[in-house]
Every structure is written in C-alpha cells, then in structure tokens.
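Reading through the structure tokens given below for one structure.
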Amino acid sequence: MYKIEKIGKYHLYTKIIGTFPPSVAKKFIDEFEEKTKNLKMFSVIVDGLDFILLNLKSFEIVLEFLKKNNDRLVKSAYIIARNPVLDKEAQILLDRADSPKRKIVENLDDAKKWIGISEIKIEKD
C-alpha cells in the first residue's frame with residue numbers, strides 16, 4: 001500500500017506501507033507519473049519506515065522509473081528503518097539508479113533538510 005501527497009509546488013511525499021508487489025509498484029509508478037507529468041522538476045520524500053519487503057520485479061520497475069526521471073529530479077530522500085535487509089535493498093536500488101540526487105536518510109527531519117523544505121503541508125491538487 002502507498003500514498004502520494006503534494007507537499008509543495010515541486011515537492012511530493014510518498015508513504016509506503018507493508019509489501020510492494022509488482023502490481024502495486026506499477027500502480028504506484030502510474031500514479032506518480034500522473035502527479036508529476038506537468039512538473040518540469042520535482043523533489044520527493046519516500047517514507048519507507050513501514051516498508052517490509054521489495055519484490056525483485058518491483059525493484060526493477062522502480063529502478064527503471066528512477067532512471068527515466070533523473071533529468072527532472074532535483075533531489076529525493078528515502079527514509080528507511082534500521083533493517084539490514086531493507087538498507088541493502090534500498091542501497092542497491094539507488095546505486096543502480098546512479099545519481100547523487102538520491103540519499104538514504106534516517107528520519108523525516110533529515111529528509112526535509114535534504115530536499116530543502118522546512119515543513120510538510122499536504123496540498124490539494
């Protein structure tokens with residue numbers, strides 16, 4: 001399960017909960033593309049504190065999406081719980097997407113600092 005919220009003119013917040021099978025990953029990518037299609041640039045916080053497991057196929061879907069959007073991405077922060085397996089999965093994903101624009105952080109404050117916002121306000125589309 002996931003949620004995508006606009007938190008600023010060019011900033012988005014995504015929350016991923018539980019598992020992330022390929023069908024959910026595809027739906028997530030479709031919805032994210034729809035929300036960002038009119039943005040020339042964007043930054044995003046991916047809150048994965050309640051994330052359990054990334055399926056290998058889901059991993060590839062997200063990786064391709066990251067690579068495809070590298071030119072529009074300003075910065076992204078990935079909040080990952082202290083879990084050696086998830087830390088490794090997330091780091092492999094970011095390494096394979098190859099961009100200094102992406103960073104794994106430990107908490108929401110570090111994520112906000114990385115993408116350059118001071119507070120999160122959920123906005124209506």
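Every chain in the structure tokens has a letter given in the order shown (A, B, ...), and although residue numbers restart at 1 in each chain, ligands are simply numbered from 1 in the order shown.
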inquiry  = What's around segment 111-116 of chain A at 9 Å? Count only C-alpha atoms, leave out sequence neighbours fewer than 4 positions away in its own chain, and write the answer as a list of chain:residue names.
reply    =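 Counting only C-alpha atoms, the residues come to A:His11, A:Ser43, A:Val44, A:Ile45, A:Val46, A:Asp47, A:Val74, A:Lys75, A:Ser76, A:Ala77, A:Tyr78, A:Ile79, A:Lys103, A:Ile104, A:Val105, A:Glu106, A:Asn107, A:Ile120.
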inquiry  = Report as a PyMOL selection string all protein, DNA and RNA residues lying within 12 Å of Lys121 of chain A, evaluated on only C-alpha atoms, omitting residues in the same chain fewer than 4 positions from it.
reply    = chain A and resi 5-9+11-13+112+117
Write the residues you've just listed into a file as a PDB file, in the first residue's frame, and include N, CA and C atoms for each of them.
ATOM      1  N   GLU A   5       1.418  12.332  -1.798  1.00  0.00           N
ATOM      2  CA  GLU A   5       0.843  13.632  -1.471  1.00  0.00           C
ATOM      3  C   GLU A   5       1.731  14.752  -1.979  1.00  0.00           C
ATOM      4  N   LYS A   6       1.123  15.816  -2.465  1.00  0.00           N
ATOM      5  CA  LYS A   6       1.851  17.012  -2.847  1.00  0.00           C
ATOM      6  C   LYS A   6       2.064  17.834  -1.573  1.00  0.00           C
ATOM      7  N   ILE A   7       3.310  18.235  -1.295  1.00  0.00           N
ATOM      8  CA  ILE A   7       3.616  18.977  -0.071  1.00  0.00           C
ATOM      9  C   ILE A   7       4.240  20.343  -0.368  1.00  0.00           C
ATOM     10  N   GLY A   8       4.289  20.711  -1.598  1.00  0.00           N
ATOM     11  CA  GLY A   8       4.835  21.992  -2.024  1.00  0.00           C
ATOM     12  C   GLY A   8       4.697  22.095  -3.533  1.00  0.00           C
ATOM     13  N   LYS A   9       5.096  23.234  -4.078  1.00  0.00           N
ATOM     14  CA  LYS A   9       4.940  23.455  -5.513  1.00  0.00           C
ATOM     15  C   LYS A   9       5.615  22.358  -6.336  1.00  0.00           C
ATOM     16  N   HIS A  11       7.320  19.638  -4.604  1.00  0.00           N
ATOM     17  CA  HIS A  11       7.703  18.626  -3.624  1.00  0.00           C
ATOM     18  C   HIS A  11       6.568  17.637  -3.405  1.00  0.00           C
ATOM     19  N   LEU A  12       6.954  16.359  -3.307  1.00  0.00           N
ATOM     20  CA  LEU A  12       5.979  15.307  -3.028  1.00  0.00           C
ATOM     21  C   LEU A  12       6.461  14.455  -1.855  1.00  0.00           C
ATOM     22  N   TYR A  13       5.492  13.860  -1.173  1.00  0.00           N
ATOM     23  CA  TYR A  13       5.761  12.948  -0.068  1.00  0.00           C
ATOM     24  C   TYR A  13       5.060  11.637  -0.392  1.00  0.00           C
ATOM     25  N   LYS A 112      13.580  16.217   5.033  1.00  0.00           N
ATOM     26  CA  LYS A 112      13.161  17.585   4.721  1.00  0.00           C
ATOM     27  C   LYS A 112      14.374  18.468   4.449  1.00  0.00           C
ATOM     28  N   ILE A 117      13.069  21.630   2.309  1.00  0.00           N
ATOM     29  CA  ILE A 117      11.811  22.191   2.824  1.00  0.00           C
ATOM     30  C   ILE A 117      11.870  22.217   4.338  1.00  0.00           C
TER      31      ILE A 117
END
request  = Would you mind writing down, as an MDAnalysis selection string, each residue of chain A that DSSP on the backbone assigns to alpha helix (DSSP H)?
outcome  = chainID A and resid 22:36 56:68 84:97 108:115
What does the file look like for those residues with N, CA and C atoms, as a tab-separated table (two decimals), in the first residue's frame?
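New file again_39.tsv:
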chain	number	residue	atom	x	y	z
A	22	PRO	N	4.81	-6.38	-7.53
A	22	PRO	CA	4.87	-5.73	-8.84
A	22	PRO	C	3.58	-5.00	-9.25
A	23	SER	N	2.44	-5.58	-8.95
A	23	SER	CA	1.18	-4.92	-9.33
A	23	SER	C	1.02	-3.58	-8.63
A	24	VAL	N	1.42	-3.52	-7.37
A	24	VAL	CA	1.35	-2.26	-6.61
A	24	VAL	C	2.43	-1.30	-7.10
A	25	ALA	N	3.61	-1.82	-7.41
A	25	ALA	CA	4.70	-0.98	-7.92
A	25	ALA	C	4.28	-0.31	-9.23
A	26	LYS	N	3.64	-1.05	-10.12
A	26	LYS	CA	3.19	-0.47	-11.40
A	26	LYS	C	2.12	0.60	-11.17
A	27	LYS	N	1.19	0.33	-10.27
A	27	LYS	CA	0.14	1.29	-9.96
A	27	LYS	C	0.75	2.55	-9.34
A	28	PHE	N	1.72	2.36	-8.46
A	28	PHE	CA	2.42	3.48	-7.83
A	28	PHE	C	3.11	4.35	-8.89
A	29	ILE	N	3.83	3.71	-9.81
A	29	ILE	CA	4.54	4.44	-10.87
A	29	ILE	C	3.54	5.21	-11.74
A	30	ASP	N	2.44	4.58	-12.11
A	30	ASP	CA	1.42	5.25	-12.92
A	30	ASP	C	0.88	6.49	-12.21
A	31	GLU	N	0.56	6.34	-10.93
A	31	GLU	CA	0.01	7.47	-10.17
A	31	GLU	C	1.06	8.56	-9.98
A	32	PHE	N	2.29	8.17	-9.71
A	32	PHE	CA	3.36	9.15	-9.52
A	32	PHE	C	3.61	9.92	-10.82
A	33	GLU	N	3.62	9.21	-11.94
A	33	GLU	CA	3.80	9.87	-13.24
A	33	GLU	C	2.66	10.85	-13.52
A	34	GLU	N	1.45	10.48	-13.17
A	34	GLU	CA	0.30	11.36	-13.36
A	34	GLU	C	0.45	12.64	-12.52
A	35	LYS	N	0.88	12.49	-11.28
A	35	LYS	CA	1.04	13.65	-10.39
A	35	LYS	C	2.20	14.55	-10.79
A	36	THR	N	3.19	14.02	-11.50
A	36	THR	CA	4.37	14.81	-11.84
A	36	THR	C	4.46	15.16	-13.33
A	56	LEU	N	11.70	-8.53	-6.16
A	56	LEU	CA	12.73	-8.30	-7.18
A	56	LEU	C	12.16	-7.63	-8.44
A	57	LYS	N	10.99	-8.07	-8.89
A	57	LYS	CA	10.37	-7.46	-10.07
A	57	LYS	C	9.97	-6.01	-9.75
A	58	SER	N	9.46	-5.77	-8.56
A	58	SER	CA	9.12	-4.41	-8.14
A	58	SER	C	10.37	-3.54	-8.13
A	59	PHE	N	11.45	-4.12	-7.67
A	59	PHE	CA	12.77	-3.46	-7.62
A	59	PHE	C	13.14	-2.96	-9.02
A	60	GLU	N	12.97	-3.81	-10.04
A	60	GLU	CA	13.30	-3.45	-11.42
A	60	GLU	C	12.35	-2.36	-11.96
A	61	ILE	N	11.08	-2.44	-11.61
A	61	ILE	CA	10.11	-1.44	-12.04
A	61	ILE	C	10.48	-0.07	-11.50
A	62	VAL	N	10.79	0.00	-10.22
A	62	VAL	CA	11.17	1.27	-9.58
A	62	VAL	C	12.50	1.77	-10.14
A	63	LEU	N	13.45	0.87	-10.34
A	63	LEU	CA	14.75	1.25	-10.89
A	63	LEU	C	14.61	1.91	-12.26
A	64	GLU	N	13.84	1.32	-13.13
A	64	GLU	CA	13.63	1.90	-14.46
A	64	GLU	C	12.96	3.27	-14.37
A	65	PHE	N	12.01	3.39	-13.47
A	65	PHE	CA	11.34	4.67	-13.27
A	65	PHE	C	12.33	5.74	-12.80
A	66	LEU	N	13.19	5.38	-11.85
A	66	LEU	CA	14.18	6.35	-11.34
A	66	LEU	C	15.11	6.81	-12.46
A	67	LYS	N	15.57	5.88	-13.25
A	67	LYS	CA	16.48	6.23	-14.35
A	67	LYS	C	15.79	7.14	-15.36
A	68	LYS	N	14.55	6.85	-15.67
A	68	LYS	CA	13.79	7.60	-16.67
A	68	LYS	C	13.54	9.05	-16.23
A	84	PRO	N	18.81	-4.25	8.27
A	84	PRO	CA	19.91	-4.55	7.35
A	84	PRO	C	19.47	-5.01	5.97
A	85	VAL	N	18.42	-5.80	5.87
A	85	VAL	CA	17.95	-6.29	4.58
A	85	VAL	C	17.41	-5.13	3.74
A	86	LEU	N	16.53	-4.32	4.34
A	86	LEU	CA	15.97	-3.18	3.61
A	86	LEU	C	17.04	-2.16	3.26
A	87	ASP	N	17.96	-1.90	4.19
A	87	ASP	CA	19.05	-0.97	3.92
A	87	ASP	C	19.82	-1.41	2.68
A	88	LYS	N	20.11	-2.70	2.60
A	88	LYS	CA	20.86	-3.25	1.47
A	88	LYS	C	20.05	-3.14	0.17
A	89	GLU	N	18.75	-3.53	0.23
A	89	GLU	CA	17.89	-3.44	-0.95
A	89	GLU	C	17.81	-2.01	-1.46
A	90	ALA	N	17.59	-1.07	-0.55
A	90	ALA	CA	17.46	0.33	-0.94
A	90	ALA	C	18.77	0.85	-1.51
A	91	GLN	N	19.88	0.51	-0.89
A	91	GLN	CA	21.17	0.99	-1.37
A	91	GLN	C	21.49	0.43	-2.76
A	92	ILE	N	21.18	-0.84	-2.99
A	92	ILE	CA	21.40	-1.43	-4.32
A	92	ILE	C	20.55	-0.71	-5.35
A	93	LEU	N	19.29	-0.44	-5.02
A	93	LEU	CA	18.39	0.27	-5.93
A	93	LEU	C	18.96	1.64	-6.28
A	94	LEU	N	19.39	2.39	-5.28
A	94	LEU	CA	19.92	3.73	-5.53
A	94	LEU	C	21.25	3.68	-6.27
A	95	ASP	N	22.10	2.73	-5.94
A	95	ASP	CA	23.38	2.59	-6.64
A	95	ASP	C	23.15	2.29	-8.12
A	96	ARG	N	22.20	1.41	-8.42
A	96	ARG	CA	21.93	1.04	-9.81
A	96	ARG	C	21.24	2.16	-10.56
A	97	ALA	N	20.55	3.06	-9.85
A	97	ALA	CA	19.92	4.22	-10.50
A	97	ALA	C	20.95	5.34	-10.68
A	108	LEU	N	12.49	11.86	9.17
A	108	LEU	CA	11.80	12.86	8.37
A	108	LEU	C	12.52	14.20	8.38
A	109	ASP	N	13.09	14.59	9.52
A	109	ASP	CA	13.81	15.86	9.58
A	109	ASP	C	14.99	15.88	8.61
A	110	ASP	N	15.75	14.79	8.56
A	110	ASP	CA	16.88	14.71	7.61
A	110	ASP	C	16.38	14.74	6.16
A	111	ALA	N	15.24	14.10	5.91
A	111	ALA	CA	14.66	14.09	4.56
A	111	ALA	C	14.26	15.50	4.14
A	112	LYS	N	13.58	16.22	5.03
A	112	LYS	CA	13.16	17.59	4.72
A	112	LYS	C	14.37	18.47	4.45
A	113	LYS	N	15.39	18.31	5.25
A	113	LYS	CA	16.61	19.10	5.08
A	113	LYS	C	17.26	18.80	3.72
A	114	TRP	N	17.34	17.52	3.34
A	114	TRP	CA	17.97	17.12	2.09
A	114	TRP	C	17.26	17.71	0.86
A	115	ILE	N	15.90	17.68	0.87
A	115	ILE	CA	15.20	18.19	-0.32
A	115	ILE	C	14.91	19.69	-0.23
key: atom CA of Phe20 of chain A to atom CA of Ile52 of chain A, straight-line distance in Å   =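 One can read the atom CA of Ile52 of chain A to atom CA of Phe20 of chain A distance as 7.9 Å.
Relative to atom CA of Leu73 of chain A, atom CA of Phe51 of chain A is found at 22.5 Å.
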key: d(atom CA of Ile17 of chain A, atom CA of Gly48 of chain A) in Å   = 7.0 Å
key: Counting only C-alpha atoms, the residue of A:Phe42, A:Tyr10, A:Asp50, A:Pro21 that sits nearest Asp71 of chain A   =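 Under the stated criterion, the closest residue is A:Phe42.
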